[in-house]
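Participant: Here you go, run.csv (CSV, C-alpha atoms):
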```
chain,number,residue,atom,x,y,z
Z,992,MET,CA,66.0,171.4,38.8
Z,993,LEU,CA,68.1,172.5,41.8
Z,994,VAL,CA,68.2,169.8,44.5
Z,995,ARG,CA,68.1,171.3,48.0
Z,996,PRO,CA,70.5,169.9,50.6
Z,997,LYS,CA,69.1,167.3,53.0
Z,998,VAL,CA,69.4,167.6,56.8
Z,999,VAL,CA,68.6,164.6,58.9
Z,1000,SER,CA,67.7,165.3,62.6
Z,1001,GLN,CA,67.2,162.6,65.2
Z,1002,PHE,CA,65.3,165.0,67.4
Z,1003,LYS,CA,62.3,167.2,66.9
Z,1004,LEU,CA,64.1,170.6,67.1
Z,1005,HIS,CA,62.8,173.9,68.4
Z,1006,GLN,CA,60.7,175.7,65.9
Z,1007,ASP,CA,63.2,178.6,65.8
Z,1008,ALA,CA,66.0,176.1,64.7
Z,1009,MET,CA,63.7,174.5,62.2
Z,1010,LYS,CA,62.9,177.8,60.6
Z,1011,ILE,CA,66.6,178.5,60.1
Z,1012,LEU,CA,67.2,175.0,58.5
Z,1013,GLU,CA,64.2,175.0,56.3
Z,1014,GLU,CA,65.3,178.2,54.6
Z,1015,VAL,CA,68.1,176.4,52.9
Z,1016,ALA,CA,67.4,172.6,53.1
Z,1017,GLU,CA,65.0,169.8,53.3
Z,1018,VAL,CA,64.7,168.6,56.9
Z,1019,VAL,CA,63.9,165.0,57.7
Z,1020,VAL,CA,63.2,164.2,61.4
Z,1021,VAL,CA,63.9,160.6,62.3
Z,1022,PRO,CA,62.9,160.2,66.0
Z,1023,SER,CA,63.0,156.4,65.8
Z,1024,LEU,CA,65.9,154.8,67.7
Z,1025,SER,CA,66.2,152.2,64.9
Z,1026,HIS,CA,69.6,152.3,63.3
Z,1027,GLU,CA,68.0,151.0,60.0
Z,1028,ASP,CA,65.6,153.9,59.9
Z,1029,LEU,CA,68.3,156.4,60.4
Z,1030,MET,CA,70.7,154.8,57.8
Z,1031,ALA,CA,67.9,154.7,55.2
Z,1032,GLU,CA,67.8,158.5,55.3
Z,1033,MET,CA,71.6,159.0,55.5
Z,1034,SER,CA,72.4,157.7,52.0
Z,1035,ASP,CA,71.7,161.1,50.4
Z,1036,ALA,CA,72.0,163.3,53.5
Z,1037,ASP,CA,74.3,166.3,53.6
Z,1038,ALA,CA,74.0,166.9,57.4
Z,1039,LEU,CA,73.2,165.0,60.6
Z,1040,ILE,CA,71.9,166.5,63.8
Z,1041,GLY,CA,71.7,164.1,66.7
Z,1042,ALA,CA,73.4,161.7,69.0
Z,1043,ALA,CA,74.0,158.7,66.8
Z,1044,LYS,CA,77.1,156.5,66.9
Z,1045,VAL,CA,79.1,157.8,63.9
Z,1046,ASP,CA,81.8,155.4,63.0
Z,1047,LYS,CA,83.5,154.3,59.7
Z,1048,ALA,CA,80.6,152.0,58.9
Z,1049,PHE,CA,78.1,154.8,59.4
Z,1050,LEU,CA,80.2,157.1,57.2
Z,1051,ASN,CA,80.3,154.5,54.5
Z,1052,GLY,CA,76.5,154.7,54.4
Z,1053,ALA,CA,76.5,158.5,54.2
Z,1054,PRO,CA,78.7,159.4,51.2
Z,1055,ARG,CA,77.4,163.0,50.9
Z,1056,LEU,CA,77.7,163.9,54.6
Z,1057,LYS,CA,79.4,167.3,55.2
Z,1058,ILE,CA,78.7,167.8,58.9
Z,1059,VAL,CA,77.8,165.9,62.0
Z,1060,ALA,CA,76.2,168.3,64.5
Z,1061,SER,CA,76.3,166.6,67.9
Z,1062,PHE,CA,73.2,167.5,69.9
Z,1063,GLY,CA,75.0,168.1,73.2
Z,1064,VAL,CA,78.6,168.2,74.5
Z,1065,GLY,CA,79.4,164.6,75.0
Z,1066,TYR,CA,80.5,163.4,71.6
Z,1067,GLN,CA,83.8,161.7,72.4
Z,1068,ASP,CA,82.2,158.2,73.1
Z,1069,ARG,CA,80.0,158.4,70.0
Z,1070,VAL,CA,81.7,160.1,67.1
Z,1071,ASP,CA,84.8,158.9,65.4
Z,1072,VAL,CA,86.3,162.4,64.9
Z,1073,GLU,CA,89.4,161.1,63.2
Z,1074,ALA,CA,87.4,159.2,60.6
Z,1075,CYS,CA,85.2,162.3,60.0
Z,1076,THR,CA,88.3,164.5,59.7
Z,1077,GLU,CA,89.9,162.2,57.1
Z,1078,ARG,CA,86.8,162.5,55.0
Z,1079,GLY,CA,86.4,166.3,55.3
Z,1080,ILE,CA,83.4,166.1,57.5
Z,1081,PHE,CA,83.0,168.7,60.2
Z,1082,VAL,CA,82.0,167.6,63.7
Z,1083,THR,CA,80.4,170.3,65.9
Z,1084,TYR,CA,78.8,170.3,69.3
Z,1085,THR,CA,77.0,172.7,71.6
Z,1086,PRO,CA,79.3,174.1,74.3
Z,1087,ASN,CA,77.9,176.8,76.6
Z,1088,ALA,CA,74.3,175.9,75.6
Z,1089,LEU,CA,73.7,173.5,78.6
Z,1090,SER,CA,76.5,174.0,81.2
Z,1091,GLY,CA,74.3,175.9,83.6
Z,1092,THR,CA,71.4,173.6,83.0
Z,1093,VAL,CA,73.4,170.5,83.8
Z,1094,ALA,CA,74.9,172.2,86.9
Z,1095,GLU,CA,71.4,173.0,88.2
Z,1096,LEU,CA,70.4,169.3,88.0
Z,1097,THR,CA,73.7,168.4,89.7
Z,1098,MET,CA,72.8,170.6,92.6
Z,1099,GLY,CA,69.3,169.1,92.5
Z,1100,LEU,CA,70.6,165.6,93.0
Z,1101,ILE,CA,72.9,166.8,95.8
Z,1102,LEU,CA,70.0,168.3,97.6
Z,1103,CYS,CA,67.8,165.2,97.0
Z,1104,LEU,CA,70.5,163.0,98.5
Z,1105,ALA,CA,71.3,165.3,101.4
Z,1106,ARG,CA,67.7,165.9,102.5
Z,1107,ALA,CA,66.2,162.6,101.3
Z,1108,ILE,CA,63.6,164.4,99.3
Z,1109,PRO,CA,62.4,161.4,97.2
Z,1110,VAL,CA,62.1,159.4,100.4
Z,1111,ALA,CA,60.1,162.2,102.1
Z,1112,ASP,CA,57.9,162.5,99.0
Z,1113,ALA,CA,57.1,158.8,99.1
Z,1114,TYR,CA,56.4,159.0,102.8
Z,1115,VAL,CA,53.8,161.8,102.4
Z,1116,ARG,CA,52.1,159.9,99.5
Z,1117,ARG,CA,52.1,156.5,101.2
Z,1118,ARG,CA,52.3,156.6,105.0
Z,1119,TRP,CA,52.1,160.1,106.6
Z,1120,TRP,CA,48.4,160.1,107.3
Z,1121,ARG,CA,48.5,156.7,109.1
Z,1122,SER,CA,51.9,156.9,110.9
Z,1123,LYS,CA,51.8,157.6,114.6
Z,1124,ALA,CA,55.5,158.3,114.8
Z,1125,LYS,CA,57.8,160.1,112.4
Z,1126,SER,CA,60.1,157.5,110.9
Z,1127,LEU,CA,61.9,159.7,108.3
Z,1128,PRO,CA,65.6,159.8,108.5
Z,1129,LEU,CA,67.3,163.0,109.3
Z,1130,GLY,CA,68.9,164.8,106.4
Z,1131,LEU,CA,72.2,166.7,106.2
Z,1132,ASP,CA,73.2,170.3,105.8
Z,1133,ILE,CA,75.3,170.8,102.7
Z,1134,GLU,CA,76.7,174.1,104.0
Z,1135,GLY,CA,80.2,173.5,105.2
Z,1136,LYS,CA,80.5,170.1,103.4
Z,1137,THR,CA,83.2,169.4,100.9
Z,1138,LEU,CA,82.2,169.0,97.3
Z,1139,GLY,CA,84.7,167.2,95.1
Z,1140,ILE,CA,84.5,168.0,91.4
Z,1141,LEU,CA,86.1,165.6,88.9
Z,1142,GLY,CA,86.6,167.7,85.8
Z,1143,LEU,CA,86.4,171.5,86.2
Z,1144,GLY,CA,85.5,172.4,82.7
Z,1145,ARG,CA,82.5,174.4,81.6
Z,1146,ILE,CA,79.9,172.3,83.5
Z,1147,GLY,CA,82.2,171.7,86.5
Z,1148,TYR,CA,82.8,175.4,86.8
Z,1149,GLU,CA,79.1,176.2,86.8
Z,1150,VAL,CA,78.6,173.5,89.5
Z,1151,ALA,CA,81.3,175.1,91.6
Z,1152,LYS,CA,79.7,178.5,91.4
Z,1153,ARG,CA,76.3,177.2,92.6
Z,1154,ALA,CA,77.8,175.1,95.3
Z,1155,LYS,CA,79.8,178.1,96.6
Z,1156,ALA,CA,76.5,179.9,97.0
Z,1157,PHE,CA,75.4,177.1,99.3
Z,1158,GLY,CA,78.5,177.6,101.5
Z,1159,MET,CA,80.3,174.4,100.3
Z,1160,ARG,CA,84.1,173.9,100.3
Z,1161,ILE,CA,85.1,173.0,96.8
Z,1162,LEU,CA,88.0,170.9,95.7
Z,1163,TYR,CA,88.6,169.7,92.2
Z,1164,TYR,CA,90.8,167.4,90.1
Z,1165,ASP,CA,91.4,167.8,86.4
Z,1166,ILE,CA,94.3,167.0,84.0
Z,1167,VAL,CA,94.4,170.7,83.2
Z,1168,ARG,CA,94.4,173.1,86.1
Z,1169,ASN,CA,91.6,175.7,86.1
Z,1170,SER,CA,93.6,178.8,87.0
Z,1171,LYS,CA,90.5,181.1,86.7
Z,1172,ALA,CA,88.7,179.1,89.4
Z,1173,GLU,CA,91.7,179.0,91.6
Z,1174,GLU,CA,92.4,182.8,91.3
Z,1175,GLU,CA,88.8,183.5,92.0
Z,1176,GLY,CA,89.0,181.4,95.2
Z,1177,LEU,CA,86.2,179.3,93.8
Z,1178,ALA,CA,87.9,175.9,94.0
Z,1179,SER,CA,91.2,174.4,95.2
Z,1180,TYR,CA,93.1,171.8,93.4
Z,1181,ALA,CA,93.6,168.3,94.9
Z,1182,SER,CA,95.1,165.1,93.5
Z,1183,PHE,CA,92.6,162.5,92.4
Z,1184,GLU,CA,93.2,160.3,95.5
Z,1185,GLU,CA,92.9,163.3,97.8
Z,1186,LEU,CA,89.7,164.3,96.1
Z,1187,LEU,CA,88.1,160.9,96.7
Z,1188,LYS,CA,89.2,160.8,100.4
Z,1189,ALA,CA,88.1,164.4,101.2
Z,1190,SER,CA,84.7,164.7,99.5
Z,1191,ASP,CA,81.4,164.6,101.2
Z,1192,PHE,CA,79.8,164.8,97.8
Z,1193,PHE,CA,81.8,163.8,94.7
Z,1194,THR,CA,80.5,164.8,91.3
Z,1195,ILE,CA,81.7,163.7,87.9
Z,1196,HIS,CA,82.0,166.0,84.9
Z,1197,VAL,CA,84.6,164.5,82.5
Z,1198,PRO,CA,84.0,163.0,79.0
Z,1199,LEU,CA,84.0,159.3,78.4
Z,1200,ILE,CA,87.2,158.5,76.7
Z,1201,PRO,CA,89.5,155.4,77.0
Z,1202,GLU,CA,91.4,157.1,79.9
Z,1203,THR,CA,88.2,157.7,81.9
Z,1204,ARG,CA,86.3,154.5,81.2
Z,1205,LYS,CA,85.7,152.8,84.6
Z,1206,MET,CA,87.8,155.5,86.2
Z,1207,ILE,CA,85.7,155.0,89.4
Z,1208,GLY,CA,86.0,151.4,90.3
Z,1209,GLU,CA,86.2,149.3,93.5
Z,1210,ARG,CA,89.5,150.8,94.6
Z,1211,GLU,CA,88.3,154.4,94.2
Z,1212,LEU,CA,84.9,153.7,95.9
Z,1213,ARG,CA,86.7,152.2,98.9
Z,1214,LEU,CA,88.8,155.4,99.2
Z,1215,MET,CA,85.7,157.5,99.7
Z,1216,LYS,CA,84.1,158.3,103.0
Z,1217,ARG,CA,81.4,155.9,104.2
Z,1218,SER,CA,79.2,159.0,104.6
Z,1219,ALA,CA,80.0,160.3,101.0
Z,1220,TYR,CA,77.6,160.6,98.1
Z,1221,LEU,CA,78.6,160.1,94.5
Z,1222,ILE,CA,76.9,162.0,91.6
Z,1223,ASN,CA,77.3,161.2,88.0
Z,1224,MET,CA,76.1,163.7,85.3
Z,1225,ALA,CA,78.7,162.7,82.6
Z,1226,ARG,CA,78.6,159.2,81.2
Z,1227,GLY,CA,77.7,155.9,82.8
Z,1228,GLY,CA,80.8,154.2,81.6
Z,1229,ILE,CA,83.0,156.3,83.8
Z,1230,ILE,CA,81.8,154.3,86.8
Z,1231,ASP,CA,82.2,150.6,87.1
Z,1232,GLU,CA,78.5,150.0,87.7
Z,1233,GLU,CA,78.9,146.6,89.2
Z,1234,ALA,CA,81.4,147.9,91.7
Z,1235,LEU,CA,79.0,150.8,92.5
Z,1236,CYS,CA,76.1,148.5,93.2
Z,1237,LYS,CA,78.3,146.5,95.6
Z,1238,ALA,CA,79.5,149.7,97.3
Z,1239,LEU,CA,75.9,150.9,97.7
Z,1240,ALA,CA,74.7,147.6,99.0
Z,1241,GLU,CA,77.5,147.1,101.4
Z,1242,GLY,CA,77.7,150.7,102.7
Z,1243,TRP,CA,81.2,151.7,101.4
Z,1244,ILE,CA,79.5,155.0,100.5
Z,1245,ALA,CA,76.2,156.5,101.7
Z,1246,GLY,CA,74.5,156.9,98.4
Z,1247,ALA,CA,74.5,158.1,94.8
Z,1248,GLY,CA,72.7,160.4,92.4
Z,1249,LEU,CA,72.8,159.1,88.8
Z,1250,ASP,CA,71.6,160.7,85.6
Z,1251,VAL,CA,73.6,158.4,83.3
Z,1252,PHE,CA,74.2,154.7,83.1
Z,1253,THR,CA,76.3,152.1,81.4
Z,1254,ILE,CA,73.2,150.8,79.5
Z,1255,GLU,CA,70.4,153.3,78.7
Z,1256,PRO,CA,67.6,153.0,79.2
Z,1257,LEU,CA,68.5,151.5,82.6
Z,1258,PRO,CA,67.4,147.8,82.4
Z,1259,LYS,CA,64.4,147.0,84.7
Z,1260,ASP,CA,66.4,144.3,86.5
Z,1261,SER,CA,69.2,146.7,87.4
Z,1262,PRO,CA,70.0,146.4,91.2
Z,1263,LEU,CA,70.0,150.3,91.2
Z,1264,ILE,CA,66.3,150.5,90.8
Z,1265,LYS,CA,65.5,148.8,94.1
Z,1266,MET,CA,68.1,150.7,96.2
Z,1267,LYS,CA,66.7,153.3,98.6
Z,1268,ASN,CA,70.0,155.2,98.9
Z,1269,VAL,CA,70.0,156.1,95.2
Z,1270,VAL,CA,68.3,158.9,93.2
Z,1271,LEU,CA,67.9,158.1,89.6
Z,1272,THR,CA,67.0,160.4,86.6
Z,1273,PRO,CA,66.7,159.3,82.9
Z,1274,HIS,CA,69.7,161.3,81.4
Z,1275,ILE,CA,67.9,164.6,81.6
Z,1276,GLY,CA,70.9,166.9,82.3
Z,1277,SER,CA,70.1,169.2,79.4
Z,1278,ALA,CA,66.3,168.6,79.4
Z,1279,THR,CA,64.9,172.1,79.8
Z,1280,VAL,CA,63.0,174.1,77.3
Z,1281,GLU,CA,65.6,176.8,77.3
Z,1282,ALA,CA,68.7,174.6,76.9
Z,1283,ARG,CA,67.1,172.5,74.2
Z,1284,ARG,CA,66.3,175.7,72.2
Z,1285,ARG,CA,69.9,176.9,72.6
Z,1286,MET,CA,71.3,173.6,71.5
Z,1287,ALA,CA,69.0,173.4,68.5
Z,1288,LEU,CA,69.9,176.9,67.4
Z,1289,MET,CA,73.7,176.2,67.7
Z,1290,ASN,CA,73.4,173.0,65.7
Z,1291,ALA,CA,71.2,174.7,63.0
Z,1292,THR,CA,73.5,177.7,62.7
Z,1293,ASP,CA,76.5,175.4,62.2
Z,1294,VAL,CA,74.7,173.2,59.7
Z,1295,VAL,CA,73.6,176.2,57.6
Z,1296,ARG,CA,77.0,177.7,57.6
Z,1297,VAL,CA,78.6,174.5,56.3
Z,1298,LEU,CA,75.9,174.0,53.6
Z,1299,ARG,CA,76.7,177.5,52.4
Z,1300,GLY,CA,80.4,176.7,52.2
Z,1301,GLU,CA,81.3,178.6,55.4
Z,1302,GLU,CA,83.2,177.5,58.5
Z,1303,PRO,CA,81.0,176.3,61.4
Z,1304,ILE,CA,81.4,178.1,64.7
Z,1305,ASN,CA,81.3,175.3,67.2
Z,1306,ILE,CA,83.8,172.8,65.7
Z,1307,VAL,CA,85.1,170.2,68.2
Z,1308,PRO,CA,88.6,170.9,69.6
Z,1309,GLU,CA,90.2,167.9,68.0
Z,1310,GLN,CA,89.4,169.2,64.5
Z,1311,ARG,CA,90.2,172.8,65.4
Z,1312,ARG,CA,93.7,171.8,66.6
Z,1313,ARG,CA,94.4,169.5,63.7
Z,1314,LEU,CA,94.1,171.7,60.6
Z,1315,PRO,CA,93.5,175.3,59.6
Z,1316,LEU,CA,89.7,175.8,59.1
Z,1317,LYS,CA,90.4,177.7,55.8
Z,1318,ALA,CA,91.5,174.4,54.3
Z,1319,TRP,CA,88.0,173.1,54.7
Z,1320,LYS,CA,86.2,175.9,52.9
Z,1321,GLY,CA,84.3,174.9,49.8
Z,1322,ARG,CA,85.6,171.3,49.9
Z,1323,GLU,CA,83.2,168.5,49.4
Z,1324,GLY,CA,85.5,165.5,49.3
Z,1325,PRO,CA,88.2,164.1,51.6
Z,1326,LEU,CA,90.7,166.8,52.6
Z,1327,ALA,CA,94.5,166.8,52.3
Z,1328,MET,CA,95.7,167.0,55.9
Z,1329,SER,CA,97.8,170.0,56.8
Z,1330,SER,CA,101.0,169.4,58.8
Z,1331,ASP,CA,100.8,172.8,60.5
```
Would you mind giving the structure from this file in C-alpha cells?

Facilitator:
Amino acid sequence: MLVRPKVVSQFKLHQDAMKILEEVAEVVVVPSLSHEDLMAEMSDADALIGAAKVDKAFLNGAPRLKIVASFGVGYQDRVDVEACTERGIFVTYTPNALSGTVAELTMGLILCLARAIPVADAYVRRRWWRSKAKSLPLGLDIEGKTLGILGLGRIGYEVAKRAKAFGMRILYYDIVRNSKAEEEGLASYASFEELLKASDFFTIHVPLIPETRKMIGERELRLMKRSAYLINMARGGIIDEEALCKALAEGWIAGAGLDVFTIEPLPKDSPLIKMKNVVLTPHIGSATVEARRRMALMNATDVVRVLRGEEPINIVPEQRRRLPLKAWKGREGPLAMSSD
C-alpha cells in the first residue's frame, strides 16, 4: 500500500492551504507548544510548517524531513540553515506575504505613542465621566517628524511608504544601501549613530542574528533624543531589554512600542507591563486574516512542490546562494555540496 507523505503543521492553517496539502499528503496539526508533542510527530514526517527551533538535535529526530517551511520571515534565530543544507533539507519562508501587514501595525504603534491612544482609551473607560478637569496629556503631530528606520528591506520599505504619506522625514540605516528608496526620494541614508541621534521615532526591522543581538543597548539609547520613541517589530533580542527598561524609567527616551520581547510570552513580572509610556502588543505583526492566508498558501505551495520532487519557490537566501537548486531535485538524502 502506498504511504502518503506526512506534513506536520504547528498552526491551524487557512482552509485554502489545507486543501492544497491534503491533496498529496496526510496533514497533522500540532498546536501545542510542547516540544515533546511536536517531536513525537516528527519521527516520520516529511515536512514541517511552523516556527519551531530547528537545530541538529531536532533534525536527528526527524530523519525523513525534506522541507522546513517557516511560517513567517524571521527564521534566522530559529532555524539552523547550515545543518538543514548539509542534510539536503530545504528551508523556505514567506517573503512579501506580510510586509504591508507588519508595516501597518508599525504605523499603528507610532500613532498610539504620538497621540497617547491607549491612555485616552483608559481615561474614557475609567475617569472621563467623573473628572471635572481634562487631565490627558497633549499628543504630538507626526507630520514633519523624523522617522529612523533600522533595516530598509521589504518591511522597512513598506513602513517608509506609509510614513511618507503622513508627511514624515525618513532616514534609514542598513548594511546594504536601498538604491530604489533613495532614487524615489522615499528615504535618505544615515549612519547608525546619526540615525539614533536624529530620529523622533526609531523603528527596527532587521533579523536577529549574532551581529544584531542587543544592537540597541545602553549606549545607543543614551544617544537618542529624550523626546524620541522606539518601536520594535522585529525580534526582542535586538534590544537589551534591561537597558530599555532603565531608559524608559529614567527618561532617556519618551517611550516605546513593542510587539516582540526577549522572552515570549512576556513574563507577568516584567517591568514593561507597569510602564505608562509603553504600548505593548503580543507579537501580532502578521496577525491579520489576509496575511495569514497568504503565508499559509506560500508554505503549502512550497511543501507540495518539494514532496513532488520539484524546487520550492521561496527558498531562503542562504540556501539559494550556496548551491544550484537543480542539485536538490529528486534527492532524498544528504546532498553533495557544490563549489560553484

Participant: Here is a test: counting all atoms listed in the file, which residue of Z:Ile1306, Z:Val1020, Z:Val1270, Z:Ile1140 is nearest to Val1059 of chain Z?

Facilitator: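 Residue with the minimum atom-to-atom distance to Val1059 of chain Z: Z:Ile1306.
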
Participant: Go through Z:Pro1054, Z:Gly1248, Z:Pro1258, Z:Pro1128 and flag the residue nearest Thr1194 of chain Z, using all atoms listed in the file for the distances.

Facilitator: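 Smallest separation from Thr1194 of chain Z among the options: Z:Gly1248.
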
Participant: Can you list every residue of segment 1033-1087 of chain Z that has an atom at most 12 Å from segment 1298-1302 of chain Z, with its nearest atom pair and the distance in Å to one decimal, using only C-alpha atoms, ordered by chain then number, as a tab-separated table?

Facilitator:
```
residue	atom	partner	partner_atom	distance
Z:Ala1036	CA	Z:Leu1298	CA	11.4
Z:Asp1037	CA	Z:Leu1298	CA	7.9
Z:Ala1038	CA	Z:Leu1298	CA	8.3
Z:Leu1039	CA	Z:Leu1298	CA	11.7
Z:Arg1055	CA	Z:Leu1298	CA	11.4
Z:Leu1056	CA	Z:Leu1298	CA	10.3
Z:Lys1057	CA	Z:Leu1298	CA	7.7
Z:Ile1058	CA	Z:Leu1298	CA	8.6
Z:Val1059	CA	Z:Leu1298	CA	11.8
Z:Ile1080	CA	Z:Glu1302	CA	11.4
Z:Phe1081	CA	Z:Glu1302	CA	9.0
Z:Val1082	CA	Z:Glu1302	CA	11.2
Z:Thr1083	CA	Z:Glu1302	CA	10.7
```

Participant: Excluding Lys1047 of chain Z and its own-chain neighbours fewer than 5 positions away, which residues fall within 9 Å of it when counting only C-alpha atoms? Please give them as a list of chain:residue names.

Facilitator: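 Residues near the query, excluding close chain neighbours: Z:Gly1052, Z:Asp1071, Z:Ala1074, Z:Cys1075.
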
Participant: What gap, in Å, lies between atom CA of Val1019 of chain Z and atom CA of Ser1061 of chain Z?

Facilitator: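 Atom CA of Ser1061 of chain Z lies at a distance of 16.1 Å from atom CA of Val1019 of chain Z.
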
Participant: Interatomic distance between atom CA of Val998 of chain Z and atom CA of Glu1281 of chain Z?

Facilitator: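 Pair atom CA of Val998 of chain Z / atom CA of Glu1281 of chain Z returns 22.8 Å.
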
Participant: May I have the protein, DNA and RNA residues with any atom at most 6 Å from the point (80.5, 165.8, 83.4), counting all atoms listed in the file, written as a compact mmCIF listing (two decimals) with C-alpha atoms, in the frame of the given file?

Facilitator:
```txt
# COMPACT_ATOMS: atom_id res chain seq x y z
CA ILE Z 1195 81.70 163.70 87.90
CA HIS Z 1196 82.00 166.00 84.90
CA VAL Z 1197 84.60 164.50 82.50
CA MET Z 1224 76.10 163.70 85.30
CA ALA Z 1225 78.70 162.70 82.60
```

Participant: Of the residues Z:Val1110, Z:Val1251, Z:Val1295, Z:Ala1088, which is the one nearest to Ile1275 of chain Z, using only C-alpha atoms?

Facilitator: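 Ranking Z:Val1110, Z:Val1251, Z:Val1295, Z:Ala1088 by distance to Ile1275 of chain Z, first place goes to Z:Val1251.
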
Participant: Taking 2 positions as the minimum chain separation for residues in the same chain, which residues sit within 12 Å of segment 1189-1193 of chain Z when counting only C-alpha atoms? Answer as a PDB file with C-alpha atoms, keeping the file's coordinate frame.

Facilitator:
```
ATOM      1  CA  THR Z1097      73.700 168.400  89.700  1.00  0.00           C
ATOM      2  CA  MET Z1098      72.800 170.600  92.600  1.00  0.00           C
ATOM      3  CA  LEU Z1100      70.600 165.600  93.000  1.00  0.00           C
ATOM      4  CA  ILE Z1101      72.900 166.800  95.800  1.00  0.00           C
ATOM      5  CA  LEU Z1102      70.000 168.300  97.600  1.00  0.00           C
ATOM      6  CA  LEU Z1104      70.500 163.000  98.500  1.00  0.00           C
ATOM      7  CA  ALA Z1105      71.300 165.300 101.400  1.00  0.00           C
ATOM      8  CA  LEU Z1131      72.200 166.700 106.200  1.00  0.00           C
ATOM      9  CA  ASP Z1132      73.200 170.300 105.800  1.00  0.00           C
ATOM     10  CA  ILE Z1133      75.300 170.800 102.700  1.00  0.00           C
ATOM     11  CA  GLU Z1134      76.700 174.100 104.000  1.00  0.00           C
ATOM     12  CA  GLY Z1135      80.200 173.500 105.200  1.00  0.00           C
ATOM     13  CA  LYS Z1136      80.500 170.100 103.400  1.00  0.00           C
ATOM     14  CA  THR Z1137      83.200 169.400 100.900  1.00  0.00           C
ATOM     15  CA  LEU Z1138      82.200 169.000  97.300  1.00  0.00           C
ATOM     16  CA  GLY Z1139      84.700 167.200  95.100  1.00  0.00           C
ATOM     17  CA  ILE Z1140      84.500 168.000  91.400  1.00  0.00           C
ATOM     18  CA  LEU Z1141      86.100 165.600  88.900  1.00  0.00           C
ATOM     19  CA  GLY Z1142      86.600 167.700  85.800  1.00  0.00           C
ATOM     20  CA  GLY Z1147      82.200 171.700  86.500  1.00  0.00           C
ATOM     21  CA  VAL Z1150      78.600 173.500  89.500  1.00  0.00           C
ATOM     22  CA  ALA Z1151      81.300 175.100  91.600  1.00  0.00           C
ATOM     23  CA  ALA Z1154      77.800 175.100  95.300  1.00  0.00           C
ATOM     24  CA  MET Z1159      80.300 174.400 100.300  1.00  0.00           C
ATOM     25  CA  ARG Z1160      84.100 173.900 100.300  1.00  0.00           C
ATOM     26  CA  ILE Z1161      85.100 173.000  96.800  1.00  0.00           C
ATOM     27  CA  LEU Z1162      88.000 170.900  95.700  1.00  0.00           C
ATOM     28  CA  TYR Z1163      88.600 169.700  92.200  1.00  0.00           C
ATOM     29  CA  TYR Z1164      90.800 167.400  90.100  1.00  0.00           C
ATOM     30  CA  TYR Z1180      93.100 171.800  93.400  1.00  0.00           C
ATOM     31  CA  ALA Z1181      93.600 168.300  94.900  1.00  0.00           C
ATOM     32  CA  SER Z1182      95.100 165.100  93.500  1.00  0.00           C
ATOM     33  CA  PHE Z1183      92.600 162.500  92.400  1.00  0.00           C
ATOM     34  CA  GLU Z1184      93.200 160.300  95.500  1.00  0.00           C
ATOM     35  CA  GLU Z1185      92.900 163.300  97.800  1.00  0.00           C
ATOM     36  CA  LEU Z1186      89.700 164.300  96.100  1.00  0.00           C
ATOM     37  CA  LEU Z1187      88.100 160.900  96.700  1.00  0.00           C
ATOM     38  CA  ILE Z1195      81.700 163.700  87.900  1.00  0.00           C
ATOM     39  CA  HIS Z1196      82.000 166.000  84.900  1.00  0.00           C
ATOM     40  CA  ILE Z1207      85.700 155.000  89.400  1.00  0.00           C
ATOM     41  CA  GLU Z1211      88.300 154.400  94.200  1.00  0.00           C
ATOM     42  CA  LEU Z1212      84.900 153.700  95.900  1.00  0.00           C
ATOM     43  CA  LEU Z1214      88.800 155.400  99.200  1.00  0.00           C
ATOM     44  CA  MET Z1215      85.700 157.500  99.700  1.00  0.00           C
ATOM     45  CA  LYS Z1216      84.100 158.300 103.000  1.00  0.00           C
ATOM     46  CA  ARG Z1217      81.400 155.900 104.200  1.00  0.00           C
ATOM     47  CA  SER Z1218      79.200 159.000 104.600  1.00  0.00           C
ATOM     48  CA  ALA Z1219      80.000 160.300 101.000  1.00  0.00           C
ATOM     49  CA  TYR Z1220      77.600 160.600  98.100  1.00  0.00           C
ATOM     50  CA  LEU Z1221      78.600 160.100  94.500  1.00  0.00           C
ATOM     51  CA  ILE Z1222      76.900 162.000  91.600  1.00  0.00           C
ATOM     52  CA  ASN Z1223      77.300 161.200  88.000  1.00  0.00           C
ATOM     53  CA  MET Z1224      76.100 163.700  85.300  1.00  0.00           C
ATOM     54  CA  ILE Z1244      79.500 155.000 100.500  1.00  0.00           C
ATOM     55  CA  ALA Z1245      76.200 156.500 101.700  1.00  0.00           C
ATOM     56  CA  GLY Z1246      74.500 156.900  98.400  1.00  0.00           C
ATOM     57  CA  ALA Z1247      74.500 158.100  94.800  1.00  0.00           C
ATOM     58  CA  GLY Z1248      72.700 160.400  92.400  1.00  0.00           C
ATOM     59  CA  LEU Z1249      72.800 159.100  88.800  1.00  0.00           C
TER      60      LEU Z1249
END
```

Participant: Tell me which protein, DNA and RNA residues are within 8 Å of Leu1012 of chain Z, counting all atoms listed in the file, leaving out same-chain ones fewer than 2 positions away, and put them as a ChimeraX atom specification.

Facilitator: /Z:998,1008-1010,1014-1018,1291,1294-1295

Participant: Please report the interatomic distance between atom CA of Asp1035 of chain Z and atom CA of Pro996 of chain Z in Å with one decimal.

Facilitator: 8.9 Å

Participant: Between Z:Arg1296, Z:Glu1255, Z:Gln1310, Z:Pro1022, single out the one closest to Arg1078 of chain Z, counting all atoms listed in the file.

Facilitator: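 That would be Z:Gln1310, the residue with the smallest distance to Arg1078 of chain Z.
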
Participant: What would segment 1286-1290 of chain Z look like with N, CA and C atoms restored, written as a compact mmCIF listing (two decimals), in the coordinates of the input?

Facilitator:
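Output contents, as saved in result-v8.txt:
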```txt
# COMPACT_ATOMS: atom_id res chain seq x y z
N MET Z 1286 70.59 174.63 72.23
CA MET Z 1286 71.30 173.60 71.50
C MET Z 1286 70.89 173.45 70.09
N ALA Z 1287 69.57 173.48 69.87
CA ALA Z 1287 69.00 173.40 68.50
C ALA Z 1287 69.52 174.52 67.63
N LEU Z 1288 69.51 175.73 68.17
CA LEU Z 1288 69.90 176.90 67.40
C LEU Z 1288 71.43 176.82 67.06
N MET Z 1289 72.24 176.34 67.98
CA MET Z 1289 73.70 176.20 67.70
C MET Z 1289 73.92 175.17 66.61
N ASN Z 1290 73.23 174.03 66.71
CA ASN Z 1290 73.40 173.00 65.70
C ASN Z 1290 72.89 173.54 64.32
```
